[in-house]
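Peer 1: First, the structure itself, so that you have it in front of you.
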Amino acid sequence: MIAPAKNFLIFTTGFLLAASLWWSVLWFVQDKPVPNAIFTQSILDSKIESARSSPKVPKVVFLGGSNVLFGIDSKQFARQAKHAALNFGCAAGMGPELILDLVDPYLSKGDLVVLHWEYEQYLFTRSGQVNITYLNLLFGPQRPFASKLPWADRQALSLSVSFSHVREGMETYWNPYVTPEIYKCNWIMDEFGNIRSNQGGSLPSEMKKAPLSSLINEMAITDDVREIFSAFVHRCNERGVRVVASWPNLYAHQDYDGNRITKENFRIIKGFWASLEIPVEGDPRGAMFQEEFFHDTVYHLNSKGVALRTQKLVEELRPWLEIDD
Amino acid sequence: MLFNEQSFIFIFLPVALVGLILLRCISLKFSVWWVILSSLFFYGFHAWEHVALLAGSIAFNYGFGLAIEKSANPRKRHYLLLFGVLLNLALLAVFKYADFLLGVLSAGQTLGLALPLAISFFTFQQIAYLVDIRKGKVSSPGFLNYSFFVSFFPQLIAGPIVRCQHILPQLKKGALGKLSSEWIWTGLCLFSIGLFKKACLADGIRPLAESIFTASTEGVVLSLAEAWVGATAFGLQIYFDFSAYSEMALGLGLLFGLRLPLNFNSPYKAVSMIDFWRRWHITLSEFLRDYLYKPLGGNRLGVARAITNVMLVMVLGGLWHGAGWTFVVWGAFHGSMIGANHLFRAWRKSGGKSESSLIRTLPFRVATFATITLAWVFFRSEEFAPAFEMIESMLGFNGLDLPRVLGAVSQSDYFTFGGLFPNQVAQLGLLPFLVALLALVWLSPNALNLLKVDSDLNSKIELPSGKLIFLCGLLFFWGVKVSFESITYDFIYFRF
């Protein structure tokens with residue numbers, strides 16, 4: 001064998017050996033979830049339990065990240081709108097595709113899905129610069145979902161897992177002094193998936209100071225997001241499930257006022273939904289609230305804020321509910 | 001685009017290399033053009049608006065060099081050089097030091113100009129060129145070759161500070177794009193080792209340094225152990241970060257058919273401060289020595305003058321790293337330590353015996369390392385108060401926190417038994433990693449020794465052994481793997 005080819009073979013063997021070692025480690029830790037994944041999965045478990053025990057059809061399903069979890073009271077909505085409702089707000093870090101995949105089995109003909117995605121979600125990519133929560137779930141309790149992703153994304157994601165993920169997974173599994181149970185979410189949720197432990201609270205000062213970067217910088221909705229929602233809308237249309245988009249509740253930071261880029265971003269989002277023939281209810285400004293209505297982050301409303309936001313939603317969605325009637 | 005990013009490794013580098021090889025078959029001139037354009041693209045990827053500044057600086061200095069060379073009048077040559085150097089320094093002053101100077105003058109205003117990437121590097125490189133052309137050490141290489149010499153991307157962003165004499169003879173020999181198996185594999189091995197060092201070692205220890213320095217900034221009074229661990233962690237972070245960049249630059253140079261000067265040679269194995277600066281950022285040390293220290297008189301005018309010169313040079317060296325008082329103090333600290341080192345040497349009259357047996361050199365090596373580690377505190381801190389507070393902790397002025405197991409002994413104002421890390425601010429899970437890195441730094445041969453690359457640009461490059469190529473394949477994977485993780489960090493020297 002000529003020398004360059006031999007050296008190439010040696011180099012490649014080293015490379016592949018290291019790759020095999022890494023994938024073996026990942027395989028070994030896949031059933032040893034890290035604390036963050038245990039926490040998020042426990043939220044998902046209670047969400048799925050709420051969806052499973054809510055057989056009423058047609059129903060309104062509020063979908064999104066934690067802005068829905070901490071933003072809408074489906075019990076209040078059901079009472080005021082006289083229509084069954086489910087809060088399927090999870091965690092924004094999970095990304096939209098996993099949330100849509102999880103809710104899919106619980107959608108039936110006649111249901112109305114109301115989408116409230118956090119602004120960062122429009123920038124979601126399946127691989128690349130991904131959120132740690134998403135990654136922890138995919139290489140933990142949400143392995144079945146990960147196996148459905150395109151091959152190239154799966155490989156890129158497996159390389160994105162950090163060494164600390166492996167360390168944390170092993171520490172959680174082997175630490176004789178703690179049980180993984182302690183990492184489960186201890187927020188109080190009712191049977192409709194609504195948070196009940198958001199009384200009072202306050203917005204940390206650093207959050208009050210900083211506007212969302214996704215709103216003050218030019219937004220480019222990713223191809224992955226377009227593909228994911230296009231597929232979801234297609235599935236819903238086939239099953240007679242109606243889809244409406246709305247806006248996430250957000251702290252009304254002064255930097256959004258009269259900001260040309262922010263205004264343009266709202267227009268881009270509306271255009272995106274229009275391209276999928278999804279109507280948009282309400283306006284982004286109407287979903288923004290003052291400091292007193294927030295619990296702990298710019299997306300999380302306290303119980304007073306939730307009541308106000310839910311009341312507004314009842315009004316905004318009434319035309320859709322009348323069609324049902 | 002960083003050397004450790006996927007866009008560089010999998011797109012830019014292969015395209016630049018393939019383009020070079022194809023164009024080299026047609027003409028050397030085309031391949032030089034290709035590398036210049038690739039380098040400008042690489043530079044512009046960070047900030048397009050600064051490409052014009054780089055191009056303007058190249059054109060201006062080339063023109064001045066030509067004018068100096070053409071002028072027959074020595075006086076005119078002298079003034080042209082002076083004017084050229086001043087304009088280069090003015091550019092640096094406006095972009096890098098204006099806000100600092102305005103702050104010193106309490107002007108209450110800032111220009112708020114974005115710092116163009118690598119401005120310190122390409123400015124110094126071109127000042128050296130003007131001086132060399134004035135002294136007749138080099139002749140004008142032609143605009144194309146000159147542009148190549150300044151913009152060649154492996155050295156553009158963070159050094160080495162290449163001189164015309166390093167690159168031009170190679171270009172004239174037609175070395176660009178003329179590849180051999182030995183050079184390709186040595187280049188690839190250096191790049192892989194550098195990639196691994198940056199991604200896994202430098203960025204791996206970073207959280208430990210970050211956690212402790214952040215706590216210090218927030219006003220936490222660190223214990224002696226915490227302060228030393230934080231400073232050592234940062235010392236290791238910057239060591240592997242700069243070592244990685246230097247080796248990747250060298251490796252990339254070889255892949256393009258050119259040898260760049262060595263810039264990093266196991267500096268923590270130094271047995272004195274003088275020795276340290278012969279190993280750390282070698283090309284900057286040489287620049288400061290040849291273009292500042294020697295013109296100031298060097299050591300020809302007595303010990304006192306030599307020490308004053310060293311102080312001045314090191315303060316300016318500190319300022320070169322960053323526009324801030326902490327950098328000035330860092331430079332002054334190094335200057336005073338080098339001065340002390342000169343005095344010590346004069347007293348012992350044993351200069352040149354630094355590389356004797358390990359046992360004999362160990363105390364000197366440890367003392368040098370401890371001194372450098374103390375100095376890093378100023379380099380890393382943005383403000384004086386936390387830096388001094390941390391130094392006080394390192395010197396034991398903030399009391400001594402001892403392990404809890406010794407708690408039976410009575411406590412005092414000075415001794416407490418709350419554990420070595422009582423503030424619980426450090427990511428202590430990384431302590432074994434810190435120890436492993438120290439062992440690596442002190443006990444293992446460096447990449448250049450392993451690959452038999454020395455400082456002589458004309459020495460032969462040998463084909464690395466099969467074992468080494470295999471090891472580099474492993475390291476390349478780990479480096480690439482980490483580049484896929486969500487957060488990648490700039491090289492520290494990118495800021496300068």
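Naming scheme: A, B, ... for chains in displayed order of the structure tokens; residues 1 onward per chain; ligands 1 onward as shown.
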Skipping near chain neighbours, those fewer than 3 positions away, what residues fall within 12 Å of region 444-456 of chain B using only C-alpha atoms, listed as a PyMOL selection string?
Peer 2: chain B and resi 166+182-183+185-194+196-197+240+243-244+246-248+250-251+254+259-269+279+282-283+436-441+459-469+471-472
Peer 1: For Glu191 (chain A), find every residue with an atom within 10 Å (counting only C-alpha atoms), except residues of its own chain fewer than 3 positions away, and show them as a ChimeraX atom specification.
Peer 2: /A:46-47,49-51,53-54,75,86-87,194-195
Peer 1: With only C-alpha atoms considered, list every residue of chain A at most 12 Å from chain B, as JSON, numbers by chain.
Peer 2: {"A": [2, 3, 4, 5, 6, 7, 8, 9, 10, 11, 12, 13, 14, 15, 16, 17, 18, 19, 20, 21, 22, 23, 125, 127, 128, 129, 130, 131, 132, 133, 134, 135, 153, 155, 156, 157, 158, 159, 160, 161, 162, 163, 164, 165, 167, 168, 171]}
Peer 1: What's the separation between CA of Trp33 (chain B) and CA of Gln170 (chain B), in Å to one decimal place?
Peer 2: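 Interatomic distance, CA of Trp33 (chain B) to CA of Gln170 (chain B): 15.8 Å.
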Peer 1: Which distance in Å separates CA of Ser216 (chain B) and CA of Lys208 (chain A), to one decimal?
Peer 2: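 Answer for the CA of Ser216 (chain B) to CA of Lys208 (chain A) separation: 24.9 Å.
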Peer 1: Just list as number ranges by chain whatever in region 102-161 of chain A DSSP marks as strand (DSSP E or B).
Peer 2: A: 112-116
Peer 1: Go ahead and write the selection's residues with C-alpha atoms as an mmCIF file, in the first residue's frame.
Peer 2:
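This went into result07.cif:
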```cif
data_model
loop_
_atom_site.group_PDB
_atom_site.id
_atom_site.type_symbol
_atom_site.label_atom_id
_atom_site.label_comp_id
_atom_site.auth_asym_id
_atom_site.auth_seq_id
_atom_site.Cartn_x
_atom_site.Cartn_y
_atom_site.Cartn_z
ATOM 1 C CA LEU A 112 -59.419 23.628 18.003
ATOM 2 C CA VAL A 113 -55.644 23.931 18.462
ATOM 3 C CA VAL A 114 -54.451 27.366 19.563
ATOM 4 C CA LEU A 115 -50.722 27.869 18.987
ATOM 5 C CA HIS A 116 -48.839 30.243 21.307
#
```
Peer 1: Among region 254-353 of chain B, which ones does DSSP assign to alpha helix (DSSP H) (computed from the backbone)? Answer as a PyMOL selection string.
Peer 2: chain B and resi 254-255+273-277+282-288+303-321+325-348
Peer 1: So that I have them on file, write out the residues from the current selection with C-alpha atoms, as a PDB file, in the first residue's frame.
Peer 2:
```pdb
ATOM      1  CA  LEU B 254       2.123  23.546   6.410  1.00  0.00           C
ATOM      2  CA  LEU B 255      -1.059  22.426   4.653  1.00  0.00           C
ATOM      3  CA  MET B 273      10.599  34.795  33.819  1.00  0.00           C
ATOM      4  CA  ILE B 274      13.130  35.493  31.085  1.00  0.00           C
ATOM      5  CA  ASP B 275      12.822  31.897  29.986  1.00  0.00           C
ATOM      6  CA  PHE B 276       9.003  32.204  30.068  1.00  0.00           C
ATOM      7  CA  TRP B 277       9.024  35.065  27.547  1.00  0.00           C
ATOM      8  CA  ILE B 282       7.679  34.065  21.036  1.00  0.00           C
ATOM      9  CA  THR B 283       7.116  36.306  18.008  1.00  0.00           C
ATOM     10  CA  LEU B 284       5.697  39.113  20.164  1.00  0.00           C
ATOM     11  CA  SER B 285       8.670  38.853  22.524  1.00  0.00           C
ATOM     12  CA  GLU B 286      11.019  38.991  19.543  1.00  0.00           C
ATOM     13  CA  PHE B 287       9.160  41.967  18.101  1.00  0.00           C
ATOM     14  CA  LEU B 288       9.352  43.856  21.385  1.00  0.00           C
ATOM     15  CA  VAL B 303      21.824  47.264  34.588  1.00  0.00           C
ATOM     16  CA  ALA B 304      19.632  50.139  35.789  1.00  0.00           C
ATOM     17  CA  ARG B 305      18.871  51.290  32.263  1.00  0.00           C
ATOM     18  CA  ALA B 306      18.292  47.721  31.107  1.00  0.00           C
ATOM     19  CA  ILE B 307      15.717  47.188  33.854  1.00  0.00           C
ATOM     20  CA  THR B 308      14.009  50.489  33.027  1.00  0.00           C
ATOM     21  CA  ASN B 309      13.862  49.427  29.396  1.00  0.00           C
ATOM     22  CA  VAL B 310      12.406  46.065  30.308  1.00  0.00           C
ATOM     23  CA  MET B 311       9.750  47.743  32.435  1.00  0.00           C
ATOM     24  CA  LEU B 312       8.798  50.102  29.630  1.00  0.00           C
ATOM     25  CA  VAL B 313       8.703  47.320  27.059  1.00  0.00           C
ATOM     26  CA  MET B 314       6.595  45.054  29.239  1.00  0.00           C
ATOM     27  CA  VAL B 315       4.130  47.819  30.151  1.00  0.00           C
ATOM     28  CA  LEU B 316       3.671  48.491  26.439  1.00  0.00           C
ATOM     29  CA  GLY B 317       3.433  44.744  25.889  1.00  0.00           C
ATOM     30  CA  GLY B 318       0.659  44.657  28.472  1.00  0.00           C
ATOM     31  CA  LEU B 319      -1.125  47.524  26.761  1.00  0.00           C
ATOM     32  CA  TRP B 320      -0.779  45.720  23.444  1.00  0.00           C
ATOM     33  CA  HIS B 321      -2.934  42.947  24.910  1.00  0.00           C
ATOM     34  CA  TRP B 325      -5.169  49.440  33.580  1.00  0.00           C
ATOM     35  CA  THR B 326      -5.262  45.782  34.574  1.00  0.00           C
ATOM     36  CA  PHE B 327      -3.212  44.981  31.452  1.00  0.00           C
ATOM     37  CA  VAL B 328      -0.803  47.767  32.321  1.00  0.00           C
ATOM     38  CA  VAL B 329      -0.322  46.286  35.787  1.00  0.00           C
ATOM     39  CA  TRP B 330       0.034  42.813  34.296  1.00  0.00           C
ATOM     40  CA  GLY B 331       2.774  44.107  31.999  1.00  0.00           C
ATOM     41  CA  ALA B 332       4.459  46.052  34.799  1.00  0.00           C
ATOM     42  CA  PHE B 333       4.362  42.995  37.056  1.00  0.00           C
ATOM     43  CA  HIS B 334       6.046  40.907  34.371  1.00  0.00           C
ATOM     44  CA  GLY B 335       8.511  43.729  33.720  1.00  0.00           C
ATOM     45  CA  SER B 336       9.509  43.941  37.372  1.00  0.00           C
ATOM     46  CA  MET B 337       9.826  40.158  37.632  1.00  0.00           C
ATOM     47  CA  ILE B 338      12.038  40.038  34.535  1.00  0.00           C
ATOM     48  CA  GLY B 339      14.098  42.872  36.029  1.00  0.00           C
ATOM     49  CA  ALA B 340      14.442  40.920  39.268  1.00  0.00           C
ATOM     50  CA  ASN B 341      15.379  37.885  37.218  1.00  0.00           C
ATOM     51  CA  HIS B 342      18.171  39.869  35.517  1.00  0.00           C
ATOM     52  CA  LEU B 343      19.490  40.973  38.891  1.00  0.00           C
ATOM     53  CA  PHE B 344      19.312  37.437  40.245  1.00  0.00           C
ATOM     54  CA  ARG B 345      21.185  36.153  37.215  1.00  0.00           C
ATOM     55  CA  ALA B 346      23.825  38.799  37.574  1.00  0.00           C
ATOM     56  CA  TRP B 347      24.185  37.828  41.219  1.00  0.00           C
ATOM     57  CA  ARG B 348      24.430  34.097  40.504  1.00  0.00           C
TER      58      ARG B 348
END
```
Peer 1: Have a look at CA of Leu296 (chain B) and CA of Leu130 (chain B) and let me know their distance in Å, one decimal.
Peer 2: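 CA of Leu130 (chain B) lies at a distance of 17.8 Å from CA of Leu296 (chain B).
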Peer 1: I'd like the contact shell of region 56-68 of chain A - 10 Å cut-off, only C-alpha atoms, skipping same-chain residues fewer than 6 positions apart - returned as a PDB file with C-alpha atoms, in the first residue's frame.
Peer 2:
```
ATOM      1  CA  SER A  74     -57.995  26.121  30.787  1.00  0.00           C
ATOM      2  CA  PHE A  77     -61.536  29.220  29.948  1.00  0.00           C
ATOM      3  CA  ALA A  78     -63.904  26.224  30.007  1.00  0.00           C
ATOM      4  CA  HIS A  83     -66.233  24.796  26.113  1.00  0.00           C
ATOM      5  CA  ALA A  84     -63.830  22.002  27.118  1.00  0.00           C
ATOM      6  CA  ALA A  85     -60.216  23.115  27.125  1.00  0.00           C
ATOM      7  CA  LEU A  86     -56.788  21.631  27.739  1.00  0.00           C
ATOM      8  CA  ASN A  87     -53.557  23.381  28.650  1.00  0.00           C
ATOM      9  CA  PHE A  88     -50.737  21.596  26.837  1.00  0.00           C
ATOM     10  CA  GLY A  89     -48.073  24.193  27.541  1.00  0.00           C
ATOM     11  CA  CYS A  90     -44.773  22.427  28.178  1.00  0.00           C
ATOM     12  CA  ALA A  91     -41.286  23.968  28.157  1.00  0.00           C
ATOM     13  CA  ALA A  92     -40.033  26.199  25.377  1.00  0.00           C
ATOM     14  CA  GLY A  93     -36.613  24.557  25.451  1.00  0.00           C
ATOM     15  CA  MET A  94     -38.129  21.315  24.158  1.00  0.00           C
ATOM     16  CA  GLY A  95     -38.719  22.871  20.781  1.00  0.00           C
ATOM     17  CA  PRO A  96     -42.010  22.779  18.862  1.00  0.00           C
ATOM     18  CA  ILE A  99     -44.430  19.166  21.730  1.00  0.00           C
ATOM     19  CA  LEU A 100     -46.465  18.681  18.536  1.00  0.00           C
ATOM     20  CA  VAL A 103     -49.974  16.138  21.652  1.00  0.00           C
ATOM     21  CA  TYR A 106     -54.829  13.363  21.721  1.00  0.00           C
ATOM     22  CA  LEU A 107     -56.247  15.537  18.952  1.00  0.00           C
ATOM     23  CA  SER A 108     -59.602  14.565  17.491  1.00  0.00           C
ATOM     24  CA  LYS A 109     -61.959  15.810  14.809  1.00  0.00           C
ATOM     25  CA  GLY A 110     -63.557  19.125  15.767  1.00  0.00           C
ATOM     26  CA  ASP A 111     -60.814  20.130  18.199  1.00  0.00           C
ATOM     27  CA  LEU A 112     -59.419  23.628  18.003  1.00  0.00           C
ATOM     28  CA  VAL A 113     -55.644  23.931  18.462  1.00  0.00           C
ATOM     29  CA  VAL A 114     -54.451  27.366  19.563  1.00  0.00           C
ATOM     30  CA  LEU A 115     -50.722  27.869  18.987  1.00  0.00           C
ATOM     31  CA  HIS A 116     -48.839  30.243  21.307  1.00  0.00           C
ATOM     32  CA  TRP A 117     -45.187  29.844  20.473  1.00  0.00           C
ATOM     33  CA  GLU A 118     -42.539  31.798  22.291  1.00  0.00           C
ATOM     34  CA  GLN A 121     -39.356  28.921  18.886  1.00  0.00           C
ATOM     35  CA  GLY A 193     -52.634  20.908  33.113  1.00  0.00           C
ATOM     36  CA  ASN A 194     -52.731  24.392  34.662  1.00  0.00           C
ATOM     37  CA  ILE A 195     -50.090  25.659  37.037  1.00  0.00           C
ATOM     38  CA  VAL A 241     -58.689  19.512  13.552  1.00  0.00           C
ATOM     39  CA  ARG A 242     -58.751  23.299  13.262  1.00  0.00           C
ATOM     40  CA  VAL A 243     -55.632  25.341  13.962  1.00  0.00           C
ATOM     41  CA  VAL A 244     -55.377  28.980  15.016  1.00  0.00           C
ATOM     42  CA  ALA A 245     -52.263  30.923  15.930  1.00  0.00           C
ATOM     43  CA  SER A 246     -52.061  33.433  18.751  1.00  0.00           C
ATOM     44  CA  TRP A 247     -49.302  35.357  20.531  1.00  0.00           C
ATOM     45  CA  PRO A 248     -47.300  34.456  23.598  1.00  0.00           C
ATOM     46  CA  ASN A 249     -47.824  36.478  26.787  1.00  0.00           C
ATOM     47  CA  LEU A 250     -44.779  38.607  27.350  1.00  0.00           C
ATOM     48  CA  THR A 297     -39.787  35.213  33.992  1.00  0.00           C
ATOM     49  CA  VAL A 298     -40.871  37.430  31.096  1.00  0.00           C
ATOM     50  CA  TYR A 299     -43.075  34.592  29.795  1.00  0.00           C
ATOM     51  CA  HIS A 300     -44.518  33.342  33.090  1.00  0.00           C
ATOM     52  CA  LEU A 301     -47.641  35.112  34.337  1.00  0.00           C
ATOM     53  CA  VAL A 306     -53.281  34.263  33.972  1.00  0.00           C
ATOM     54  CA  LEU A 317     -61.588  32.893  20.381  1.00  0.00           C
ATOM     55  CA  TRP A 320     -64.316  29.952  16.728  1.00  0.00           C
ATOM     56  CA  LEU A 321     -66.282  28.481  19.575  1.00  0.00           C
ATOM     57  CA  ASP A 324     -68.566  24.642  17.231  1.00  0.00           C
ATOM     58  CA  ASP A 325     -71.903  25.374  18.836  1.00  0.00           C
TER      59      ASP A 325
END
```
Peer 1: Find the spatial neighbours of region 265-281 of chain A, counting only C-alpha atoms, within a cut-off of 10 Å - ignore same-chain residues fewer than 5 positions away - and output them as a PyMOL selection string.
Peer 2: chain A and resi 114-115+119+122+214-221+225-226+229-231+233-234+242-247+259-260+313+316-317
Peer 1: Next, write the just-selected residues to a file, as an mmCIF file, in the first residue's frame, keeping N, CA and C atoms as the atom set.
Peer 2:
```
data_model
loop_
_atom_site.group_PDB
_atom_site.id
_atom_site.type_symbol
_atom_site.label_atom_id
_atom_site.label_comp_id
_atom_site.auth_asym_id
_atom_site.auth_seq_id
_atom_site.Cartn_x
_atom_site.Cartn_y
_atom_site.Cartn_z
ATOM 1 N N VAL A 114 -54.884 25.960 19.535
ATOM 2 C CA VAL A 114 -54.451 27.366 19.563
ATOM 3 C C VAL A 114 -52.940 27.392 19.844
ATOM 4 N N LEU A 115 -52.181 27.888 18.881
ATOM 5 C CA LEU A 115 -50.722 27.869 18.987
ATOM 6 C C LEU A 115 -50.204 29.180 19.596
ATOM 7 N N TYR A 119 -41.290 33.482 21.074
ATOM 8 C CA TYR A 119 -40.651 34.036 19.870
ATOM 9 C C TYR A 119 -39.376 33.264 19.483
ATOM 10 N N TYR A 122 -39.522 30.263 16.864
ATOM 11 C CA TYR A 122 -39.513 30.438 15.408
ATOM 12 C C TYR A 122 -38.101 30.270 14.846
ATOM 13 N N SER A 214 -34.644 37.853 20.399
ATOM 14 C CA SER A 214 -35.339 37.378 19.195
ATOM 15 C C SER A 214 -36.334 38.412 18.668
ATOM 16 N N LEU A 215 -36.718 39.381 19.493
ATOM 17 C CA LEU A 215 -37.672 40.393 19.025
ATOM 18 C C LEU A 215 -36.996 41.685 18.572
ATOM 19 N N ILE A 216 -35.814 41.946 19.080
ATOM 20 C CA ILE A 216 -35.175 43.204 18.685
ATOM 21 C C ILE A 216 -34.117 42.999 17.597
ATOM 22 N N ASN A 217 -33.903 41.733 17.216
ATOM 23 C CA ASN A 217 -33.025 41.452 16.069
ATOM 24 C C ASN A 217 -33.871 40.876 14.946
ATOM 25 N N GLU A 218 -33.395 41.096 13.740
ATOM 26 C CA GLU A 218 -34.186 40.630 12.597
ATOM 27 C C GLU A 218 -34.398 39.124 12.676
ATOM 28 N N MET A 219 -35.648 38.719 12.524
ATOM 29 C CA MET A 219 -35.988 37.305 12.680
ATOM 30 C C MET A 219 -36.011 36.610 11.322
ATOM 31 N N ALA A 220 -35.369 35.453 11.274
ATOM 32 C CA ALA A 220 -35.445 34.632 10.066
ATOM 33 C C ALA A 220 -36.002 33.284 10.493
ATOM 34 N N ILE A 221 -37.260 33.050 10.192
ATOM 35 C CA ILE A 221 -37.882 31.784 10.604
ATOM 36 C C ILE A 221 -37.160 30.638 9.877
ATOM 37 N N VAL A 225 -38.550 24.980 11.121
ATOM 38 C CA VAL A 225 -39.836 25.416 11.689
ATOM 39 C C VAL A 225 -40.913 25.379 10.596
ATOM 40 N N ARG A 226 -40.584 25.856 9.427
ATOM 41 C CA ARG A 226 -41.563 25.849 8.315
ATOM 42 C C ARG A 226 -42.008 24.420 8.015
ATOM 43 N N PHE A 229 -44.197 22.825 11.018
ATOM 44 C CA PHE A 229 -45.583 23.318 11.126
ATOM 45 C C PHE A 229 -46.396 22.982 9.885
ATOM 46 N N SER A 230 -45.739 22.959 8.751
ATOM 47 C CA SER A 230 -46.447 22.589 7.533
ATOM 48 C C SER A 230 -46.973 21.153 7.674
ATOM 49 N N ALA A 231 -46.117 20.261 8.176
ATOM 50 C CA ALA A 231 -46.518 18.862 8.354
ATOM 51 C C ALA A 231 -47.633 18.759 9.400
ATOM 52 N N VAL A 233 -49.866 21.066 10.295
ATOM 53 C CA VAL A 233 -51.120 21.616 9.768
ATOM 54 C C VAL A 233 -51.746 20.626 8.782
ATOM 55 N N HIS A 234 -50.896 20.002 8.001
ATOM 56 C CA HIS A 234 -51.395 19.012 7.036
ATOM 57 C C HIS A 234 -52.097 17.857 7.766
ATOM 58 N N ARG A 242 -58.994 21.917 13.689
ATOM 59 C CA ARG A 242 -58.751 23.299 13.262
ATOM 60 C C ARG A 242 -57.562 23.884 14.026
ATOM 61 N N VAL A 243 -56.839 24.748 13.336
ATOM 62 C CA VAL A 243 -55.632 25.341 13.962
ATOM 63 C C VAL A 243 -55.695 26.859 13.852
ATOM 64 N N VAL A 244 -55.421 27.515 14.956
ATOM 65 C CA VAL A 244 -55.377 28.980 15.016
ATOM 66 C C VAL A 244 -54.057 29.375 15.701
ATOM 67 N N ALA A 245 -53.476 30.450 15.246
ATOM 68 C CA ALA A 245 -52.263 30.923 15.930
ATOM 69 C C ALA A 245 -52.610 32.129 16.795
ATOM 70 N N SER A 246 -51.910 32.250 17.899
ATOM 71 C CA SER A 246 -52.061 33.433 18.751
ATOM 72 C C SER A 246 -50.666 33.899 19.164
ATOM 73 N N TRP A 247 -50.588 34.759 20.127
ATOM 74 C CA TRP A 247 -49.302 35.357 20.531
ATOM 75 C C TRP A 247 -48.942 34.972 21.951
ATOM 76 N N ASN A 259 -40.319 50.083 17.934
ATOM 77 C CA ASN A 259 -39.107 49.466 17.368
ATOM 78 C C ASN A 259 -39.428 48.910 15.972
ATOM 79 N N ARG A 260 -38.693 49.411 14.987
ATOM 80 C CA ARG A 260 -38.971 49.016 13.588
ATOM 81 C C ARG A 260 -38.747 47.509 13.386
ATOM 82 N N LEU A 313 -58.439 35.809 26.001
ATOM 83 C CA LEU A 313 -58.491 34.723 25.014
ATOM 84 C C LEU A 313 -59.921 34.252 24.759
ATOM 85 N N GLU A 316 -61.241 36.637 22.311
ATOM 86 C CA GLU A 316 -60.629 36.502 20.990
ATOM 87 C C GLU A 316 -61.081 35.239 20.266
ATOM 88 N N LEU A 317 -61.284 34.180 21.019
ATOM 89 C CA LEU A 317 -61.588 32.893 20.381
ATOM 90 C C LEU A 317 -63.092 32.612 20.267
#
```
Peer 1: Select, from A:Glu97, A:Met288, A:Phe232, A:Cys185, the residue with the minimum atom-to-atom distance to Asp257 (chain A), counting only C-alpha atoms.
Peer 2: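 Under the stated criterion, the closest residue is A:Met288.
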Peer 1: Using only C-alpha atoms, which protein or nucleic acid residues come within 12 Å of Tyr129 (chain B)? Drop anything in the same chain fewer than 5 positions from it, and give the result as a PyMOL selection string.
Peer 2: chain B and resi 58+61-66+68-69+81+84-85+88+122-124+134-141+146+149-150+161-168+287+291
